Every structure is written in C-alpha cells, then in structure tokens.
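The file input34.cif comes next; it holds mmCIF, C-alpha atoms, pLDDT in the B column; chains and numbers go by the auth columns.
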data_query
#
loop_
_atom_site.group_PDB
_atom_site.id
_atom_site.type_symbol
_atom_site.label_atom_id
_atom_site.label_comp_id
_atom_site.label_asym_id
_atom_site.label_seq_id
_atom_site.Cartn_x
_atom_site.Cartn_y
_atom_site.Cartn_z
_atom_site.B_iso_or_equiv
_atom_site.auth_seq_id
_atom_site.auth_asym_id
ATOM 1 C CA MET A 1 -157.680 116.582 63.449 36.00 28 O
ATOM 2 C CA SER A 2 -156.136 116.331 59.988 36.00 29 O
ATOM 3 C CA ARG A 3 -156.265 119.343 57.660 39.00 30 O
ATOM 4 C CA SER A 4 -155.059 119.912 54.134 39.00 31 O
ATOM 5 C CA ARG A 5 -154.961 122.840 51.750 37.00 32 O
ATOM 6 C CA PRO A 6 -154.500 122.441 47.996 40.00 33 O
ATOM 7 C CA GLY A 7 -150.825 122.304 47.165 38.00 34 O
ATOM 8 C CA THR A 8 -148.770 121.106 44.263 30.00 35 O
ATOM 9 C CA GLU A 9 -150.072 117.544 44.202 41.00 36 O
ATOM 10 C CA SER A 10 -153.310 116.695 42.402 45.00 37 O
ATOM 11 C CA MET A 11 -156.687 117.140 44.123 44.00 38 O
ATOM 12 C CA VAL A 12 -157.385 113.406 43.805 51.00 39 O
ATOM 13 C CA ASP A 13 -154.096 112.488 45.502 48.00 40 O
ATOM 14 C CA GLN A 14 -154.822 114.913 48.352 49.00 41 O
ATOM 15 C CA HIS A 15 -158.256 113.507 49.016 47.00 42 O
ATOM 16 C CA ARG A 16 -157.207 109.870 49.021 45.00 43 O
ATOM 17 C CA GLY A 17 -156.177 110.645 52.616 44.00 44 O
ATOM 18 C CA TYR A 18 -159.851 110.242 53.552 42.00 45 O
ATOM 19 C CA THR A 19 -160.795 106.560 53.705 40.00 46 O
ATOM 20 C CA ALA A 20 -164.272 105.089 53.819 39.00 47 O
ATOM 21 C CA GLU A 21 -163.050 102.549 56.376 39.00 48 O
ATOM 22 C CA SER A 22 -162.430 105.366 58.869 37.00 49 O
ATOM 23 C CA THR A 23 -166.152 106.121 59.111 38.00 50 O
ATOM 24 C CA GLN A 24 -167.800 102.740 58.645 42.00 51 O
ATOM 25 C CA ARG A 25 -171.159 102.736 60.415 46.00 52 O
ATOM 26 C CA SER A 26 -174.121 100.447 60.796 51.00 53 O
ATOM 27 C CA GLY A 27 -177.572 101.253 59.468 81.00 54 O
ATOM 28 C CA PHE A 28 -178.301 103.693 56.674 92.00 55 O
ATOM 29 C CA ALA A 29 -175.208 105.837 57.285 89.00 56 O
ATOM 30 C CA ALA A 30 -172.533 103.287 56.373 85.00 57 O
ATOM 31 C CA ALA A 31 -169.761 105.084 54.510 87.00 58 O
ATOM 32 C CA PRO A 32 -170.076 104.652 50.735 94.00 59 O
ATOM 33 C CA THR A 33 -167.646 102.214 49.186 95.00 60 O
ATOM 34 C CA ASP A 34 -168.526 102.585 45.503 96.00 61 O
ATOM 35 C CA ASP A 35 -170.559 104.690 43.051 97.00 62 O
ATOM 36 C CA VAL A 36 -173.813 102.840 43.699 96.00 63 O
ATOM 37 C CA SER A 37 -173.696 103.180 47.486 96.00 64 O
ATOM 38 C CA ALA A 38 -172.654 106.846 47.260 97.00 65 O
ATOM 39 C CA ALA A 39 -175.608 107.733 45.015 97.00 66 O
ATOM 40 C CA LEU A 40 -177.980 105.797 47.265 97.00 67 O
ATOM 41 C CA GLN A 41 -176.684 107.580 50.347 97.00 68 O
ATOM 42 C CA VAL A 42 -177.220 111.042 48.842 98.00 69 O
ATOM 43 C CA SER A 43 -180.733 110.032 47.803 97.00 70 O
ATOM 44 C CA ARG A 44 -181.556 108.875 51.330 97.00 71 O
ATOM 45 C CA ALA A 45 -179.972 111.957 52.894 98.00 72 O
ATOM 46 C CA SER A 46 -181.922 114.286 50.592 98.00 73 O
ATOM 47 C CA LYS A 47 -185.244 112.682 51.476 98.00 74 O
ATOM 48 C CA ALA A 48 -184.333 112.691 55.160 98.00 75 O
ATOM 49 C CA LEU A 49 -183.704 116.446 55.022 98.00 76 O
ATOM 50 C CA ALA A 50 -187.076 116.930 53.350 98.00 77 O
ATOM 51 C CA TYR A 51 -188.840 114.891 56.019 98.00 78 O
ATOM 52 C CA GLY A 52 -186.991 116.901 58.663 98.00 79 O
ATOM 53 C CA GLY A 53 -188.562 120.118 57.372 97.00 80 O
ATOM 54 C CA LEU A 54 -185.725 121.544 55.296 98.00 81 O
ATOM 55 C CA THR A 55 -187.330 121.649 51.861 95.00 82 O
ATOM 56 C CA ASP A 56 -187.074 124.845 49.817 96.00 83 O
ATOM 57 C CA PHE A 57 -188.607 123.947 46.452 97.00 84 O
ATOM 58 C CA VAL A 58 -185.643 122.748 44.333 97.00 85 O
ATOM 59 C CA TRP A 59 -182.869 124.542 46.245 97.00 86 O
ATOM 60 C CA GLY A 60 -180.428 123.147 48.770 98.00 87 O
ATOM 61 C CA HIS A 61 -178.129 120.156 48.463 98.00 88 O
ATOM 62 C CA VAL A 62 -176.311 117.473 50.402 98.00 89 O
ATOM 63 C CA SER A 63 -173.195 115.569 49.403 98.00 90 O
ATOM 64 C CA VAL A 64 -170.878 112.751 50.430 98.00 91 O
ATOM 65 C CA ARG A 65 -167.179 112.525 49.751 98.00 92 O
ATOM 66 C CA ASP A 66 -166.287 110.115 46.961 98.00 93 O
ATOM 67 C CA PRO A 67 -164.541 107.064 48.485 96.00 94 O
ATOM 68 C CA GLN A 68 -162.040 107.016 45.600 97.00 95 O
ATOM 69 C CA GLY A 69 -161.009 110.642 46.110 97.00 96 O
ATOM 70 C CA ARG A 70 -162.363 111.893 42.780 98.00 97 O
ATOM 71 C CA GLY A 71 -164.638 114.569 44.264 98.00 98 O
ATOM 72 C CA PHE A 72 -168.070 114.344 45.881 98.00 99 O
ATOM 73 C CA TRP A 73 -171.526 113.009 45.128 98.00 100 O
ATOM 74 C CA MET A 74 -174.447 115.458 45.213 98.00 101 O
ATOM 75 C CA LYS A 75 -177.967 115.688 43.846 96.00 102 O
ATOM 76 C CA ALA A 76 -178.655 117.147 40.434 96.00 103 O
ATOM 77 C CA SER A 77 -180.011 120.690 40.232 97.00 104 O
ATOM 78 C CA GLY A 78 -183.664 121.410 39.484 97.00 105 O
ATOM 79 C CA LEU A 79 -185.129 118.806 41.861 97.00 106 O
ATOM 80 C CA GLY A 80 -186.308 119.031 45.457 98.00 107 O
ATOM 81 C CA PHE A 81 -184.873 117.024 48.330 98.00 108 O
ATOM 82 C CA ASP A 82 -187.959 114.807 48.397 98.00 109 O
ATOM 83 C CA GLU A 83 -187.650 113.910 44.705 97.00 110 O
ATOM 84 C CA ILE A 84 -184.101 112.594 44.645 97.00 111 O
ATOM 85 C CA GLU A 85 -183.529 109.012 43.547 97.00 112 O
ATOM 86 C CA PRO A 86 -180.066 107.465 43.105 97.00 113 O
ATOM 87 C CA ASP A 87 -180.104 108.056 39.337 96.00 114 O
ATOM 88 C CA GLN A 88 -180.520 111.794 40.018 96.00 115 O
ATOM 89 C CA VAL A 89 -177.214 111.985 41.901 98.00 116 O
ATOM 90 C CA HIS A 90 -173.906 112.671 40.220 96.00 117 O
ATOM 91 C CA LEU A 91 -170.198 112.762 40.964 98.00 118 O
ATOM 92 C CA VAL A 92 -168.680 116.238 40.778 98.00 119 O
ATOM 93 C CA GLY A 93 -164.920 116.429 40.370 98.00 120 O
ATOM 94 C CA TRP A 94 -162.672 118.914 42.150 98.00 121 O
ATOM 95 C CA ASN A 95 -162.709 121.181 39.087 97.00 122 O
ATOM 96 C CA GLY A 96 -166.515 121.102 38.828 97.00 123 O
ATOM 97 C CA ASP A 97 -166.806 118.581 35.998 97.00 124 O
ATOM 98 C CA VAL A 98 -169.609 116.017 36.245 97.00 125 O
ATOM 99 C CA ILE A 99 -167.659 112.752 36.140 97.00 126 O
ATOM 100 C CA ALA A 100 -170.532 110.304 36.569 96.00 127 O
ATOM 101 C CA GLY A 101 -174.289 110.582 36.502 92.00 128 O
ATOM 102 C CA THR A 102 -176.587 112.914 34.629 84.00 129 O
ATOM 103 C CA GLY A 103 -178.450 116.156 35.196 88.00 130 O
ATOM 104 C CA PRO A 104 -177.349 119.768 35.673 95.00 131 O
ATOM 105 C CA ARG A 105 -174.844 120.564 38.396 97.00 132 O
ATOM 106 C CA HIS A 106 -175.730 122.962 41.226 98.00 133 O
ATOM 107 C CA ILE A 107 -174.113 126.400 40.909 98.00 134 O
ATOM 108 C CA GLU A 108 -173.036 126.235 44.533 98.00 135 O
ATOM 109 C CA TRP A 109 -170.887 123.138 44.178 98.00 136 O
ATOM 110 C CA PHE A 110 -168.096 125.442 45.392 98.00 137 O
ATOM 111 C CA ILE A 111 -169.512 125.143 48.939 98.00 138 O
ATOM 112 C CA HIS A 112 -168.831 121.424 48.992 98.00 139 O
ATOM 113 C CA ALA A 113 -165.454 121.624 47.250 98.00 140 O
ATOM 114 C CA GLY A 114 -164.269 124.352 49.613 98.00 141 O
ATOM 115 C CA VAL A 115 -165.238 122.456 52.756 98.00 142 O
ATOM 116 C CA TYR A 116 -163.894 119.087 51.622 98.00 143 O
ATOM 117 C CA GLU A 117 -160.602 120.636 50.515 98.00 144 O
ATOM 118 C CA ALA A 118 -160.120 122.381 53.859 98.00 145 O
ATOM 119 C CA ARG A 119 -161.400 119.617 56.141 98.00 146 O
ATOM 120 C CA LEU A 120 -160.257 116.065 55.470 97.00 147 O
ATOM 121 C CA ASP A 121 -162.222 114.913 58.528 98.00 148 O
ATOM 122 C CA VAL A 122 -165.518 115.818 56.805 98.00 149 O
ATOM 123 C CA GLY A 123 -167.332 113.040 54.961 98.00 150 O
ATOM 124 C CA SER A 124 -170.605 114.833 54.241 98.00 151 O
ATOM 125 C CA VAL A 125 -171.792 118.421 53.688 98.00 152 O
ATOM 126 C CA ALA A 126 -175.354 119.760 53.720 98.00 153 O
ATOM 127 C CA HIS A 127 -176.579 123.197 52.635 98.00 154 O
ATOM 128 C CA ALA A 128 -180.175 124.191 53.297 98.00 155 O
ATOM 129 C CA HIS A 129 -182.265 127.356 53.235 97.00 156 O
ATOM 130 C CA SER A 130 -184.246 127.636 56.455 97.00 157 O
ATOM 131 C CA ASP A 131 -186.690 130.458 57.151 97.00 158 O
ATOM 132 C CA ASN A 132 -186.322 129.774 60.869 98.00 159 O
ATOM 133 C CA VAL A 133 -182.532 130.016 60.742 98.00 160 O
ATOM 134 C CA ASN A 134 -182.675 133.206 58.668 98.00 161 O
ATOM 135 C CA ALA A 135 -185.202 134.776 61.039 98.00 162 O
ATOM 136 C CA TRP A 136 -183.117 133.854 64.090 98.00 163 O
ATOM 137 C CA CYS A 137 -179.917 135.215 62.501 97.00 164 O
ATOM 138 C CA ALA A 138 -181.726 138.520 61.873 97.00 165 O
ATOM 139 C CA THR A 139 -182.405 138.929 65.605 96.00 166 O
ATOM 140 C CA GLY A 140 -178.717 138.883 66.497 95.00 167 O
ATOM 141 C CA GLU A 141 -179.529 136.591 69.433 95.00 168 O
ATOM 142 C CA PRO A 142 -177.042 133.847 70.342 97.00 169 O
ATOM 143 C CA MET A 143 -178.254 130.286 70.343 97.00 170 O
ATOM 144 C CA ARG A 144 -179.483 129.061 73.718 97.00 171 O
ATOM 145 C CA ALA A 145 -180.441 125.469 74.451 97.00 172 O
ATOM 146 C CA LEU A 146 -184.156 125.666 75.216 97.00 173 O
ATOM 147 C CA SER A 147 -184.399 121.985 74.307 96.00 174 O
ATOM 148 C CA HIS A 148 -181.918 119.200 73.662 97.00 175 O
ATOM 149 C CA ALA A 149 -181.897 120.137 69.976 98.00 176 O
ATOM 150 C CA GLY A 150 -179.901 123.280 70.731 98.00 177 O
ATOM 151 C CA ILE A 151 -177.123 121.709 72.772 97.00 178 O
ATOM 152 C CA GLU A 152 -174.436 121.362 70.099 96.00 179 O
ATOM 153 C CA PHE A 153 -175.012 124.918 68.844 98.00 180 O
ATOM 154 C CA THR A 154 -174.928 126.457 72.328 97.00 181 O
ATOM 155 C CA ARG A 155 -171.797 124.795 73.679 94.00 182 O
ATOM 156 C CA GLN A 156 -169.985 126.247 70.660 95.00 183 O
ATOM 157 C CA GLN A 157 -171.816 129.002 68.794 98.00 184 O
ATOM 158 C CA LEU A 158 -171.791 128.533 65.043 98.00 185 O
ATOM 159 C CA PRO A 159 -169.691 131.109 63.162 98.00 186 O
ATOM 160 C CA ARG A 160 -171.447 133.450 60.739 98.00 187 O
ATOM 161 C CA PHE A 161 -170.307 133.954 57.156 98.00 188 O
ATOM 162 C CA THR A 162 -171.051 137.571 56.253 97.00 189 O
ATOM 163 C CA GLU A 163 -168.991 138.056 53.096 97.00 190 O
ATOM 164 C CA THR A 164 -172.162 137.716 51.025 97.00 191 O
ATOM 165 C CA ALA A 165 -175.748 136.534 51.361 97.00 192 O
ATOM 166 C CA SER A 166 -175.831 135.727 47.661 97.00 193 O
ATOM 167 C CA LEU A 167 -174.940 132.424 46.005 98.00 194 O
ATOM 168 C CA ILE A 168 -171.541 130.873 46.634 98.00 195 O
ATOM 169 C CA ARG A 169 -170.759 130.792 42.940 97.00 196 O
ATOM 170 C CA ASN A 170 -166.960 130.788 42.719 98.00 197 O
ATOM 171 C CA ARG A 171 -163.968 129.063 44.295 98.00 198 O
ATOM 172 C CA ALA A 172 -162.843 132.121 46.244 98.00 199 O
ATOM 173 C CA LEU A 173 -166.186 132.361 48.063 98.00 200 O
ATOM 174 C CA GLY A 174 -166.161 128.608 48.692 98.00 201 O
ATOM 175 C CA GLN A 175 -162.726 128.872 50.276 98.00 202 O
ATOM 176 C CA GLN A 176 -163.751 131.911 52.343 98.00 203 O
ATOM 177 C CA LEU A 177 -166.800 130.038 53.598 98.00 204 O
ATOM 178 C CA ALA A 178 -164.616 127.080 54.575 98.00 205 O
ATOM 179 C CA ALA A 179 -162.217 129.437 56.377 98.00 206 O
ATOM 180 C CA THR A 180 -165.124 130.876 58.376 98.00 207 O
ATOM 181 C CA LEU A 181 -166.299 127.346 59.177 98.00 208 O
ATOM 182 C CA GLY A 182 -162.877 126.537 60.609 98.00 209 O
ATOM 183 C CA ASP A 183 -163.097 123.608 63.035 98.00 210 O
ATOM 184 C CA SER A 184 -166.820 124.104 63.708 98.00 211 O
ATOM 185 C CA ILE A 185 -169.522 121.592 62.811 98.00 212 O
ATOM 186 C CA GLY A 186 -171.381 124.170 60.735 98.00 213 O
ATOM 187 C CA VAL A 187 -171.532 127.764 59.575 98.00 214 O
ATOM 188 C CA LEU A 188 -174.467 130.156 59.361 98.00 215 O
ATOM 189 C CA ILE A 189 -175.059 132.249 56.250 98.00 216 O
ATOM 190 C CA PRO A 190 -177.468 134.997 57.357 98.00 217 O
ATOM 191 C CA GLN A 191 -180.260 135.502 54.793 98.00 218 O
ATOM 192 C CA HIS A 192 -179.084 132.359 53.005 98.00 219 O
ATOM 193 C CA GLY A 193 -179.421 129.494 55.478 98.00 220 O
ATOM 194 C CA PHE A 194 -176.516 127.391 56.689 98.00 221 O
ATOM 195 C CA VAL A 195 -173.909 124.758 55.862 98.00 222 O
ATOM 196 C CA MET A 196 -173.531 121.722 58.129 98.00 223 O
ATOM 197 C CA THR A 197 -170.829 119.067 58.163 98.00 224 O
ATOM 198 C CA GLY A 198 -170.332 115.588 59.535 98.00 225 O
ATOM 199 C CA ASP A 199 -167.855 112.761 59.433 97.00 226 O
ATOM 200 C CA ASP A 200 -170.699 110.863 57.787 97.00 227 O
ATOM 201 C CA VAL A 201 -174.055 111.686 56.245 97.00 228 O
ATOM 202 C CA ALA A 202 -175.994 110.908 59.429 98.00 229 O
ATOM 203 C CA ALA A 203 -174.158 113.685 61.265 98.00 230 O
ATOM 204 C CA SER A 204 -174.582 116.352 58.570 98.00 231 O
ATOM 205 C CA VAL A 205 -178.290 115.573 58.157 98.00 232 O
ATOM 206 C CA MET A 206 -179.176 115.228 61.841 98.00 233 O
ATOM 207 C CA ARG A 207 -177.254 118.362 62.783 98.00 234 O
ATOM 208 C CA SER A 208 -179.191 120.226 60.091 98.00 235 O
ATOM 209 C CA VAL A 209 -182.522 118.977 61.424 98.00 236 O
ATOM 210 C CA LEU A 210 -181.526 119.692 65.036 98.00 237 O
ATOM 211 C CA LEU A 211 -180.557 123.262 64.112 98.00 238 O
ATOM 212 C CA GLU A 212 -183.937 123.723 62.432 98.00 239 O
ATOM 213 C CA ARG A 213 -185.738 122.468 65.544 98.00 240 O
ATOM 214 C CA ALA A 214 -183.585 124.509 67.925 98.00 241 O
ATOM 215 C CA THR A 215 -184.185 127.769 66.042 98.00 242 O
ATOM 216 C CA CYS A 216 -187.923 127.078 65.864 98.00 243 O
ATOM 217 C CA VAL A 217 -188.150 126.744 69.661 98.00 244 O
ATOM 218 C CA LEU A 218 -185.945 129.800 70.205 98.00 245 O
ATOM 219 C CA LEU A 219 -188.077 131.964 67.927 98.00 246 O
ATOM 220 C CA GLN A 220 -191.244 130.793 69.655 97.00 247 O
ATOM 221 C CA ALA A 221 -189.797 131.782 73.033 97.00 248 O
ATOM 222 C CA LEU A 222 -188.689 135.189 71.776 96.00 249 O
ATOM 223 C CA THR A 223 -192.126 135.795 70.270 95.00 250 O
ATOM 224 C CA ALA A 224 -193.846 134.729 73.492 96.00 251 O
ATOM 225 C CA GLY A 225 -192.093 137.421 75.483 93.00 252 O
ATOM 226 C CA GLY A 226 -188.455 136.483 75.870 93.00 253 O
ATOM 227 C CA ILE A 227 -186.243 133.849 77.459 94.00 254 O
ATOM 228 C CA GLU A 228 -186.136 133.474 81.222 93.00 255 O
ATOM 229 C CA SER A 229 -184.483 130.058 81.453 94.00 256 O
ATOM 230 C CA ALA A 230 -182.397 127.695 79.374 97.00 257 O
ATOM 231 C CA MET A 231 -180.211 124.653 79.931 95.00 258 O
ATOM 232 C CA SER A 232 -177.529 125.390 82.518 95.00 259 O
ATOM 233 C CA ASP A 233 -173.811 125.125 81.886 94.00 260 O
ATOM 234 C CA ASP A 234 -173.778 122.031 84.113 94.00 261 O
ATOM 235 C CA ASP A 235 -176.464 120.377 81.989 93.00 262 O
ATOM 236 C CA LEU A 236 -174.674 121.338 78.788 94.00 263 O
ATOM 237 C CA ALA A 237 -171.463 119.818 80.117 92.00 264 O
ATOM 238 C CA VAL A 238 -172.987 116.379 80.638 92.00 265 O
ATOM 239 C CA GLN A 239 -175.696 116.260 77.990 91.00 266 O
ATOM 240 C CA GLY A 240 -174.952 115.835 74.317 92.00 267 O
ATOM 241 C CA TRP A 241 -175.709 113.915 71.168 95.00 268 O
ATOM 242 C CA PRO A 242 -173.789 110.615 71.142 95.00 269 O
ATOM 243 C CA GLN A 243 -173.090 109.036 67.808 95.00 270 O
ATOM 244 C CA SER A 244 -175.556 106.237 68.536 95.00 271 O
ATOM 245 C CA GLN A 245 -178.404 108.733 68.835 96.00 272 O
ATOM 246 C CA ILE A 246 -177.332 110.702 65.772 97.00 273 O
ATOM 247 C CA HIS A 247 -177.511 107.459 63.799 97.00 274 O
ATOM 248 C CA ALA A 248 -180.785 106.396 65.387 97.00 275 O
ATOM 249 C CA GLY A 249 -182.339 109.730 64.447 97.00 276 O
ATOM 250 C CA PHE A 250 -181.012 109.566 60.895 98.00 277 O
ATOM 251 C CA ASP A 251 -182.246 106.006 60.429 97.00 278 O
ATOM 252 C CA TYR A 252 -185.701 107.129 61.589 97.00 279 O
ATOM 253 C CA LEU A 253 -185.729 109.985 59.068 98.00 280 O
ATOM 254 C CA VAL A 254 -184.716 107.597 56.285 97.00 281 O
ATOM 255 C CA ARG A 255 -187.408 105.080 57.217 97.00 282 O
ATOM 256 C CA GLN A 256 -190.149 107.691 57.448 97.00 283 O
ATOM 257 C CA SER A 257 -189.171 109.460 54.246 97.00 284 O
ATOM 258 C CA SER A 258 -189.261 106.142 52.393 92.00 285 O
ATOM 259 C CA LEU A 259 -192.860 105.279 53.343 90.00 286 O
#
Any chance you could put this one into structure tokens?
Amino acid sequence: MSRSRPGTESMVDQHRGYTAESTQRSGFAAAPTDDVSAALQVSRASKALAYGGLTDFVWGHVSVRDPQGRGFWMKASGLGFDEIEPDQVHLVGWNGDVIAGTGPRHIEWFIHAGVYEARLDVGSVAHAHSDNVNAWCATGEPMRALSHAGIEFTRQQLPRFTETASLIRNRALGQQLAATLGDSIGVLIPQHGFVMTGDDVAASVMRSVLLERATCVLLQALTAGGIESAMSDDDLAVQGWPQSQIHAGFDYLVRQSSL
C-alpha cells in the first residue's frame, strides 16, 4: 500500500501519484475525472449519508480527492448533507484555499488534508457526528458483529483518537488524526463522531452507514440486558463486504436520496 508524507516537493506533485483510473467503477461511484464529476459525486455522497441516517443539522462533511492533484472537493459549510447540490461543492487546495466553487469552507478541512496527505490509497473521506457512535464509545465496549453491518469493524477494531474531542481546526491535529488512523479504514473520535475512508466515495459512505447501523444494534443489545452471542470467528473469516455489494448499497442510497 503506497504512503507518502509531505516532503520538499509541492503538495500537488505529491498527490499526482493518485490516479482516477486506478479506482474507476461502474454506477454512481465512478472516480471523478474533472471538476463537474467531482462536484456531482460529493453532492450524491452527501445526500446518501443523509438518507443513511447521518445528518447532524449543517455539520459533517464528505470529500473526494481531486483527480488533478490540486486538493479535494468537499461541500460548503452551513448546509446539511441533504441540501447539497453540485454548485454547493468546492475545491479546497492543500493550503486551505478555495480554488474553485463558492461558499464558506468547513473549519475541519484539516481532517481531509491530513488523511489524503498520509494515505495515497484513499480517494474519499467522510466525517460524521453520530449519537449512536458517541454513545457506544462512551461504554468502552469493543465492537462485536451482531449483524453483518459490524463485520468490518469487528475483524479489525477501529482506533480511537483521544487527543481532543473538539474540532480538528489546525494542521497538527489533522496530522495526528491521520497518524491514529494508520492503515485502518476509519478512526473513532469519542464525543465527536468518526472519520471513514475509502478508495472511492462508495466505500467511505457505505462504511459510515454500516458503522451507524452496527452501533445501533450493539446499543440495543446492551440496553436489553447484554450480549450473549455474536458472529463467530469462523463466520467473520468467510463473511465480508465485497466491493460489488458496497457499490450496490451506495447506488441504492443515491437512488433513494434523489427521489
């Protein structure tokens, strides 16, 4: 898996190592190839997250890596996931400047910059505030697969970023968050939700929705009296979420959120 840390060369030159062709997909998750397709993809991903139950008024954001290496595309601040249209998505450069598009930039753009800089395999990043995830984190319980939704987070427990529960508002915190993420698919931020990644937007969105569903079931079981059974190690070893199903689920969310 390729990794890169900022060095002496420019940010843009570093991030040209990620190519849209490497993650071409069918359906709604095809890797963006230009400004128009990138803005459309963020709009679809935002609405999909809303339909999947991850709305928190106007907070939270999802992004895709710019195919030209200039930065990443994310929704403008001040709008909810369900409100985002392509003209409310902008390109944020590696130094935080809004290169294309209009609207205020999210304060926590450092989350996305930190992850993309550390992980060249990542094509999309999602950050959401989930009451279920926060409640589960407060219990100190590990994730257990009580349904198929919890499989990916049980086989490898998500790391927890505990440096702060406040906003990730500077580059140092963004880099620390990315370091905690490491090679994992996501990172928990107790009291502040989570950050999820994917090689494409379908993966970051579906993993976010699956985590929401998995924590909901886990909390219900804990409230009902505790956990007596969960998926066995043998089941976990053979059962997973193939790319085809990740994309099928994402396409469903996009279709439903567009009705």
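The spacing separating CA of Ala206 (chain O) from CA of Phe188 (chain O) amounts to 9.3 Å.
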Could you state which residues are captured by the PyMOL selection byres ((chain O and resi 79) around 10) in this file, as a PyMOL selection string?
chain O and resi 73-78+80-82+232-233+235-237+239-240+277+280-281+283-284
I'd like the box whose edges run along x, y and z of the file and which contains every listed atom of region 126-143 of chain O, padded by 3 Å per side; could you state its centre and edge lengths in Å, one decimal, as AutoDock Vina command-line options?
--center_x -171.2 --center_y 118.4 --center_z 43.7 --size_x 20.6 --size_y 22.1 --size_z 24.1
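Of the listed residues (O:Pro169, O:Pro94, O:Gly276, O:Gly141), O:Gly141 comes nearest to Leu200 (chain O); the distances count all atoms listed in the file.
Applied to this file, the PyMOL selection byres ((chain O and resi 242-258) around 8) selects Asn159, Val160, Ala162, Trp163, Met170, Arg171, Ala172, Leu173, Ser174, Gly177, Leu238, Glu239, Arg240, Ala241, Ser259, Asp260, Asp262 and Leu263 of chain O.
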Do you know which residues the PyMOL selection byres ((chain O and resi 120-122) around 12) returns on this file, as a ChimeraX atom specification?
/O:33,37-42,92-93,95-101,117-119,123-128,132,136-144,197-198
Can you pull out the residues contacting Val116 (chain O)? Cut-off 6 Å, using all atoms listed in the file, and skip same-chain residues under 2 positions away; I want them as number ranges by chain.
O: 66, 101-103, 113-114
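For the pair CA of Ala57 (chain O) and CA of Leu208 (chain O), the separation is 25.0 Å.
Picture a line from CA of Leu215 (chain O) to CA of Leu185 (chain O); it runs 6.5 Å.
Counting all atoms listed in the file and comparing O:His274, O:Arg234, O:His88, O:His156, the residue that lies closest to Glu179 (chain O) is O:Arg234.
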Restricting to all atoms listed in the file, whichever of O:Gly209, O:Gly130, O:Gly105, O:Gly220 is closest to Ala155 (chain O) is O:Gly220
